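A.B. asks: Submitted below is the structure of interest, expressed as structure tokens.
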Amino acid sequence: MSYPPPAAAASAPALPPAWRATVASAGPDAAPEAWLQTDLDADLAFADGLLWVARGVLYWAQRAGAQVQRWVMDGTLTLHEHDHHGVVTLQLVRLDAEGQPSERLAVWHCTLGRQLAARRLIERLQAWRQARHEGGAAAADDAAPQTLQCPVCASPMEPDEESCSVCTQVVQTPPTTRTLLRLWRFAHPYRWQLALGFALMLASTAATLVPPYLTIPLMDDVLIPFQNGQPVDWWLVAALLGGLLGAALLAWGLGWAKTYILALVSERIGADLRTTTYEHLLGLSLEYFGNRRTGDLMARIGSETDRINIFLSLHLLDFATDVLMILMTAVILFSISPPLALATLLPLPLIAWLIHVVRDRLRTGFEKIDRVWAEVTSVLADTIPGIRVVKAFAQEAREAERFREANRHNLAVNDRLNRLWSLFSPTVTLLTEVGLLVVWGFGIWLVARGQVTVGVLSAFLAYIGRFYTRLDSMSRIVSVTQKAAAGAKRIFDILDHKSSVPEPAQPVPLPTVRGHLQLQGVTFRYGNRTVIQGLDLDIRPGEMVGLVGHSGSGKSTLINLICRFYDVAEGRILIDGVDVRDVRVADWRRHIGLVLQEPFLFYGTIADNIAYGRPDATREQIVAAARAAHAHEFILRLPQGYDTLVGERGQGLSGGERQRISIARALLIDPKVLILDEATASVDTETEKEIQKALDNLVQGRTTIAIAHRLSTLRRADRLVVMDKGRKVEEGTHDELLARRGAYWRLYEAQQRQAEAERERWKEA
């Protein structure tokens, strides 16, 4: 099928000169409406290619001057896009009669910086398909976007764009006050309490406006007539004073009730915000934590939620009260004297303009303060847990200087913001004072002309005082509002982040696990670097497989994929024939026992640490696990035995003792799949023997994958898998691999020579 020339052909994106001849060779109908210059080949090595769309046809050239491939994008073909660890993948897929993918025709890769161009190419195809569905090919031509090219990164741009989205996507998006509206998600469960609090606020504000109004009869009907020789009407005085007292008591009671109710609600909103953020953080993949500093995350969940909570409990209440007070006061002022009311409003436009100008600067400034404060917190989070290393290398002065520098940066940012705020707040106060003088002068002139009474002027001035006080208060709330907006943005930055290890939409139950692990064509990348490539491995139930290879060969990454700390880029991992991505993450990990090179113990008792994976375990079960891990004897020698408190990260215990507690922790959950990641690498020979005895108990009847630095410790493995640069290069038993004199033999011989050299050095010493 042929289509008429698109309307946008004359303004198609400017292609790099090297590609123009290639595109021209595809024919006159191939003028690009959207294009993507890929920068990765099928093996994720850097290589240029060009993918473009014209008149509903997808074109591809692997390199400049190469033959052009084409696919007519009818209803049976579709283009999918996804990104994983910095690599964007486009897949051309054929759909079956039910609209489900049935065949993959082509795959392209590019780096994340070109993702926007990839999505625009897909959007162009979707616009073409939709326009054809609605009005035929002519409508599809009219839907062709007018695209331009960014002169910096060569990404497509729309004519109405002021800047390239690709070039600017790394810039921090400034927070807006609208971000605070998203807190309604947390306020919605308390909407009725909020409604009651608002009603009480309305009544309380109205009650506080009664006393100035009662001063009008006090002045005009009591005091001024008395000065003119008339007797005082004490019943009227008593009634008016009683009204003043009653209004004050009513305002006090209503104010107490609304403050208490709204404070309770705001505390609960803050608590829900902290809990939700922390729970969401726990659900994110390890990829997210690898790019974040601990101190920054702690500051967000701690200080940012506290700031939002204070805003909700105090300042938002004050702001709402100020708004109600100003509106009600304005109504009363106009009902008393419209000319005086108009004079009162003279400073308002200038104050509103000042607030508008200062607000954006404050918002940006407070976000900078948050980021700088996170730097200060991060220094603490780095130094305090690592205080042993700091002291061991005598780097106290260096770390103090790091903290001092971060603190200086924090001080400089705060000083810049304080200069702005110190000018803004007094300026608003000055404008309100000038406004009050205007009202005084204009009011005296009206009294002199007999247009208002002294009582009306007195009441008016009383209302004016409250009006300007609230106006000044509102201007000050601008500061805390922008602080809260900046904090809310940093919180929602966490909540908006999606895990790269998603839960399945329809999880497959995993009631029993035999431990049959299969890796089929597994490929994984860190950014643009391929770490695992096309790996196939079949591990039978109860089998022990050792992974060996040089550092960086992909052993630990493979463990992370099996535990589903990360998801594979290509291929799949099966447990008993079920893809682990089809099983809930928690259901799968409950069947995995993990023993790491550096065991992590939490602050708490020995028993609590052993029972971490199974909190409901009895003391008898905990002791049985400790006995099997050869930890029972040294635990009994501790001051309180199993109830002995261990310091943060296991301070107070040796490396071997921490490792045996870690093994007991794994034994207690009785896993079907056991993973040992350099479990004996950081201990001495005697301790290694004790740990090895515990490991012998641990691996019985379990599918075991072991990584070991000392190849001699893997002799008990049923099979050894030798890895190099993310690939499996050898597989077999210890003796078989030595007999082949290949990669494993070279590793083993190198270790033997190193061990012999160490023994010679010991003899000489």
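For the structure tokens, the naming scheme is as follows: chains receive sequential letters (A, B, ...) according to their order of presentation, residues are indexed from 1 within each chain, and ligands are indexed from 1 in presentation order.
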As a list in words, please: the residues near stretch 89-94 of chain A (cut-off 8 Å, only C-alpha atoms, same-chain neighbours under 6 positions excluded).
C.D. replies: Thr76, Leu77, Thr78, Leu79, His80, Glu81, His82, Asp83, Pro101, Ser102, Glu103, Arg104, Leu105, Ala106, Val107, Trp108, His109, Cys110 and Ala118 of chain A
A.B. asks: Could you list, with a cut-off of 12 Å and counting only C-alpha atoms, the residues of stretch 225-321 of chain A near stretch 182-189 of chain A, each shown with its nearest atom pair and the distance in Å rounded to one decimal, rows sorted by chain and ascending number, as CSV?
C.D. replies:
residue,atom,partner,partner_atom,distance
A:Leu262,CA,A:Ala187,CA,11.0
A:Leu264,CA,A:Ala187,CA,11.8
A:Val265,CA,A:Ala187,CA,8.1
A:Ser266,CA,A:Ala187,CA,8.2
A:Glu267,CA,A:Ala187,CA,10.7
A:Arg268,CA,A:Ala187,CA,8.8
A:Ile269,CA,A:Phe186,CA,5.8
A:Gly270,CA,A:Phe186,CA,8.4
A:Ala271,CA,A:Phe186,CA,9.7
A:Asp272,CA,A:Phe186,CA,6.9
A:Leu273,CA,A:Phe186,CA,6.8
A:Arg274,CA,A:Phe186,CA,10.6
A:Thr275,CA,A:Phe186,CA,11.0
A:Thr276,CA,A:Phe186,CA,9.4
A:Thr277,CA,A:Phe186,CA,11.4
A:Thr305,CA,A:Leu183,CA,11.3
A:Ile308,CA,A:Leu183,CA,9.5
A:Asn309,CA,A:Leu183,CA,10.8
A:Phe311,CA,A:Leu183,CA,11.7
A:Leu312,CA,A:Leu183,CA,9.8
A.B. asks: Take atom CA of A:His630 and atom CA of A:Pro599 and report the distance between them in Å, one decimal.
C.D. replies: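 Interatomic distance here is 15.9 Å.
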A.B. asks: Kindly give the distance, in Å, that separates atom CA of A:Pro541 and atom CA of A:Arg702, rounded to a single decimal.
C.D. replies: 7.0 Å
A.B. asks: Hey, which of A:Thr259, A:Thr329, A:Gln69, A:Ser654 ends up closest to A:Ala206? Count only C-alpha atoms.
C.D. replies: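 Closest to A:Ala206, using only C-alpha atoms: A:Thr329.
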A.B. asks: I need the residues of stretch 462-619 of chain A that end up classed as helix (DSSP H, G or I) by DSSP on the backbone, written out as a PyMOL selection string.
C.D. replies: chain A and resi 462-495+555-562+580-582+585-589+606-610+619
A.B. asks: Give me, please, the distance in Å between atom CA of A:Thr618 and atom CA of A:Glu279, quoted to one decimal.
C.D. replies: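 So the two atoms, atom CA of A:Thr618 and atom CA of A:Glu279, lie 27.4 Å apart.
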